[in-house]
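Peer 1: I have a structure here, written as structure tokens, and I will follow up with some questions on it.
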Amino acid sequence: MKAALAIVHDAAATGSERAQPAVRVLDVSMQYGSAAPVLSSVSFDVKQGAFLCVVGPSGCGKTTLLRMLAGLIQPTGGAVEFFGSPVLEPSRDRAIVFQDYTKALLPWRTVAGNVSLSLEACGVAEPERQSRIGQLLATMGLAHAADRYPHQLSGGMQQRVQIARCLAQKPRLLLMDEPFGALDAITRQGLQEEVARLAVESGTTVVFITHDLEEAIFLGDTVIVLAANPGRIAEQIDVDIPRPRAQLEARENPQFLSTRHRLFGLLQGH
Amino acid sequence: MKARRINLEAILFAIGLLVCWQLFAEFKLISPIFFPSPIKTLATLYERAADGSLWPPLAHTTLRMIYGWVFACVCGMVLGLLIGISRNARAYLEPSLEFLRPLPASAVIPVAILFFGLSDSMSIAVIAFGSVWPVLLASIHGLAQIEPRLLEVAASLRLTRAQTLWKIVIPAAMPDVLAGARVSLSIALILAIVTEMQASLPGLGQDILLAQRSFKSAQLYAGVVMLGLLGFAANASLVWAERRLLRWRPK
Amino acid sequence: MPGWIKGWVLPVLLLIGWEAGSQAGWLPLDSTSRPSLVYQAALDGLKDGSILQATWQTLEAAMLGLAFATVAGVAIGIMLGLSARMESATRPTLDGLRPIPSVALIPLALMLFGFGLMLEATVVAFACFWPILLLTIAAVHGIEPRLLEVARTLELGALERLRKIILPATLGRLMIGLRLAVAISLVVAVTVEVVINPRGLGSTMMAAQQSLRSDVMYAQLIWLGLVGWLLNALTHRAVRAWPGGAGAPA
């Protein structure tokens with residue numbers, strides 16, 4: 001498993017790069033015309049290899065924030081930096097997993113074909129492409145479904161395909177927009193464990209958006225709570241629960257419970 | 001894989017109609033000049049197939065239809081693509097297209113005759129002009145409603161414009177384009193027949209017109225049956241092609 | 001440049017190029033004529049009533065054929081829509097007749113009716129029958145079952161049920177297909193005229209071409225385009241105005 005994951009992320013950072021935060025969000029604001037601002041003065045850093053979860057109620061601007069990190073939109077105020085350089089447009093280094101997986105997969109390509117899209121974009125040539133696809137599908141437990149079309153798969157499987165496609169980009173930053181929001185509880189929990197494990201073993205920096213507080217605490221090294229109207233940071237907490245985290249035990253961990261207690265009130269208050 | 005239930009009632013109904021027709025003809029309840037019996041019609045059809053006189057006109061009409069249709073599809077898809085992806089092109093071209101669309105294609109036949117004379121080129125030009133519309137409009141429509149999320153995926157993967165076009169835009173528009181191409185083919189057949197009748201070009205259209213002039217009604221009906229079969233075969237082949245190309249679609 | 005002006009750029013440039021090119025002698029006058037002459041021919045045609053008379057003849061045939069098709073299509077469509085048994089029994093026969101191109105019936109209709117109005121109307125009727133039939137069947141299938149239950153509770157007789165519920169519900173949905181049927185009727189009518197029937201705009205255009213009056217021919221072509229466009233727009237309005245026709249796809 002570790003060998004397979006090594007192909008997911010080449011940690012070729014130099015010494016000075018290692019100290020640099022992967023992402024810096026500097027006093028970012030987002031306002032459309034004269035309407036109320038969606039985001040207001042948001043600032044935080046994400047360390048390399050860290051797993052950051054951003055939680056908040058609907059309308060707090062968390063999806064907007066994620067799309068800014070991806071480079072799909074530009075903030076109206078402030079700036080976003082990625083490994084020291086400003087983020088002005090999308091990049092293969094920053095992969096984004098969308099919540100509406102059905103719309104994000106190519107319906108006319110098989111599972112293997114969908115994963116292949118990233119490799120084609122990265123310019124990977126034929127024989128290598130096939131072996132990479134095979135490895136990625138194995139990693140995500142999709143090997144048996146390689147020749148199926150997306151509509152033939154369950155929601156959880158489709159989301160795995162999307163994740164596999166994003167991993168194929170070998171991103172330095174993985175952005176996930178409420179990826180498990182549309183799935184049932186059991187599938188969600190399984191995927192949470194897998195993503196947590198993948199992130200740790202590959203060392204990829206992850207920014208994970210969710211409205212589910214428990215999911216955020218379970219997955220994250222750091223949790224940021226966003227308040228709504230306008231979107232701003234209400235609280236930022238480090239979660240020191242040791243990894244690997246199992247679903248049952250982690251949720252009974254006293255630190256888990258106290259963090260949950262502390263942040264619950266913040267979410268309710270808005 | 002689908003269970004085949006023999007639709008007895010349908011068979012009985014169809015046979016019943018034919019039998020009634022046959023009886024009416026036998027007992028001279030309807031004029032045999034205007035309504036030859038089914039048996040006579042089929043016999044004529046068989047005769048012409050047997051002595052080989054059926055095939056050349058069939059080939060002419062079919063080829064005419066296909067040439068015009070292919071030309072229309074290529075033009076329609078390319079033009080549709082240009083208009084679909086460029087808002088500017090749309091603004092300039094769409095009003096003119098909206099005006100040209102309801103214009104009956106057969107109305108351009110006199111114009112085409114002026115330029116091409118009574119020739120095959122005239123026929124193909126008219127067929128192409130008339131059949132371009134469904135595939136053109138379908139292409140524009142297909143391009144307009146591409147899932148925006150897919151375009152974001154393309155942006156995120158930094159696909160070039162050419163890659164985005166080839167890997168995402170065109171496959172996404174395919175279902176609409178193919179549906180439009182199918183409608184175009186039926187129009188192509190109609191215009192092939194019309195131009196043949198008009199310009200006395202060899203083909204099934206001319207055949208049935210000549211049959212009418214010499215009051216050979218069995219031949220006329222046989223020709224109509226043949227054209228119905230041609231229409232059916234053309235449509236069925238495209239449905240087959242569509243099914244294969246769009247295998248990925250949920251049922 | 002505001003949107004609506006952009007749409008005029010191409011036609012205006014085309015007209016200017018056509019006139020200039022023709023005046024300069026680059027375009028052969030016989031076959032391409034020129035806008036100034038075409039305009040004159042149009043005015044003449046309107047003044048002496050020939051264009052209007054031809055237009056009326058075409059529209060007359062188109063509307064008559066459409067009427068035939070509607071009566072037959074709605075009647076049969078309602079029967080087949082209400083009875084699944086009848087529908088499955090007649091389906092193969094209808095599927096066999098449908099692929100026959102309407103124009104293939106021209107010689108047949110000619111044999112039966114000779115030249116004139118009925119020739120056109122019957123071919124138009126055949127062409128328009130199919131979409132109307134299919135739409136009616138779909139419309140009947142789509143009638144809110146709740147409405148039929150109401151009819152039964154009120155113990156409405158079959159005829160009353162037809163008149164008060166089935167027919168209005170069906171016709172409302174049918175309006176959506178009206179644009180298509182109207183367009184088909186015009187196209188087929190003109191086609192029959194171009195090919196063989198000595199009446200209407202189609203045949204006058206052919207006559208103009210044969211007597212090398214390309215100016216008259218183009219004038220009538222453009223006029224026909226306007227008529228078609230106008231008809232389309234009017235039908236669109238009518239569909240919108242009909243209760244239950246609103247929300248029809250543009």
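Residue names in the structure tokens use chain letters A, B, ... in the order shown, residue numbers from 1 in each chain, and ligand numbers from 1 in the order shown.
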Produce a table with one row for each residue of segment 26-109 of chain B that has an atom at most 8 Å from any atom of segment 136-142 of chain B, each row naming the nearest atom pair and its distance in Å at one decimal; use only C-alpha atoms; arrange rows by chain and rising residue number; format as a tab-separated table.

Peer 2:
residue	atom	partner	partner_atom	distance
B:Cys73	CA	B:Leu136	CA	7.7
B:Cys75	CA	B:Leu136	CA	7.8
B:Gly76	CA	B:Leu136	CA	4.1
B:Met77	CA	B:Leu136	CA	6.0
B:Leu79	CA	B:Leu136	CA	6.9
B:Gly80	CA	B:Ile140	CA	4.9
B:Leu81	CA	B:Ile140	CA	6.7
B:Ile83	CA	B:Ile140	CA	6.7
B:Gly84	CA	B:Ile140	CA	4.9

Peer 1: Considering only C-alpha atoms, extract the chain C residues located within 6 Å of chain B and return them as a list of chain:residue names.

Peer 2: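 Using only C-alpha atoms, chain C residues at most 6 Å from chain B: C:Lys6, C:Gly7, C:Ser31, C:Ala89, C:Thr90, C:Thr93, C:Pro99, C:Ile100, C:Pro101, C:Ala104, C:Pro107, C:Val187, C:Thr191, C:Val195, C:Met206, C:Gln209, C:Gly225, C:Gly228.
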
Peer 1: Got a sec to tell me which of segment 84-239 of chain A DSSP assigns to strand (DSSP E or B), as a VMD selection string?

Peer 2: chain A and resid 85 to 86 94 to 97 173 to 177 205 to 210 222 to 227 231 to 238

Peer 1: When distances are computed from only C-alpha atoms, which of C:Leu167, C:Arg240, C:Leu43, C:Asp95 shows the smallest separation from Leu82 of chain C?

Peer 2: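 Among the listed residues, C:Leu167 lies closest to Leu82 of chain C.
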
Peer 1: For a quick test of understanding: name the residues of chain B lying within 10 Å of chain A when counting only C-alpha atoms, and present them as number ranges by chain.

Peer 2: B: 147-160, 163-164, 167-168, 171-172, 174, 245-251

Peer 1: Write out as a list in words which residues come within 10 Å of Leu26 of chain A when counting only C-alpha atoms, dropping same-chain ones fewer than 3 positions away.

Peer 2: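 Residues meeting the cut-off are Val23, Ser29, Ser41, Val42, Ser43, Phe44, Asp45, Gly77, Gly78, Ala79, Val80 and Glu81 of chain A.
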
Peer 1: Write out as a list of chain:residue names the set of residues from segment 165-200 of chain A that DSSP, computed on the backbone, places in helix (DSSP H, G or I).

Peer 2: A:Arg165, A:Cys166, A:Leu167, A:Ala168, A:Ala185, A:Ile186, A:Thr187, A:Arg188, A:Gln189, A:Gly190, A:Leu191, A:Gln192, A:Glu193, A:Glu194, A:Val195, A:Ala196, A:Arg197, A:Leu198, A:Ala199, A:Val200

Peer 1: Quote the spacing between atom CA of Thr41 of chain B and atom CA of Gln22 of chain B in Å to one decimal place.

Peer 2: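 These atoms are spaced 10.5 Å apart.
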
Peer 1: I'd like the interatomic distance between atom CA of Gly49 of chain C and atom CA of Leu110 of chain C, to a tenth of an Å.

Peer 2: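 These atoms are spaced 27.9 Å apart.
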
Peer 1: Excluding segment 234-243 of chain A and residues on its chain fewer than 4 positions from it, collect all residues at most 6 Å away from it, counting only C-alpha atoms, and give them as a list in words.

Peer 2: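 What passes the distance filter is Asp221, Thr222, Val223, Ile224, Val225, Leu226 and Ala227 of chain A.
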
Peer 1: Selection from above, C-alpha atoms, as a PDB file, in the first residue's frame, can you write it?

Peer 2:
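Here's the written file out_16.pdb:
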ATOM      1  CA  ASP A 221      -5.130  18.275  12.308  1.00  0.00           C
ATOM      2  CA  THR A 222      -6.621  21.750  12.543  1.00  0.00           C
ATOM      3  CA  VAL A 223     -10.238  22.830  12.433  1.00  0.00           C
ATOM      4  CA  ILE A 224     -11.346  26.300  11.436  1.00  0.00           C
ATOM      5  CA  VAL A 225     -14.906  27.329  12.223  1.00  0.00           C
ATOM      6  CA  LEU A 226     -16.381  29.941   9.922  1.00  0.00           C
ATOM      7  CA  ALA A 227     -19.240  32.143  11.033  1.00  0.00           C
TER       8      ALA A 227
END

Peer 1: What is the atom CA of Thr204 of chain C to atom CA of Ala183 of chain C distance in Å?

Peer 2: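 Atom CA of Thr204 of chain C sits 20.2 Å away from atom CA of Ala183 of chain C.
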
Peer 1: Could you pull the residues within 8 Å of segment 231-235 of chain C, counting only C-alpha atoms, minus those fewer than 2 positions along the same chain, as a PyMOL selection string?

Peer 2: (chain B and resi 102) or (chain C and resi 178-179+182-183+227-229+237-239)
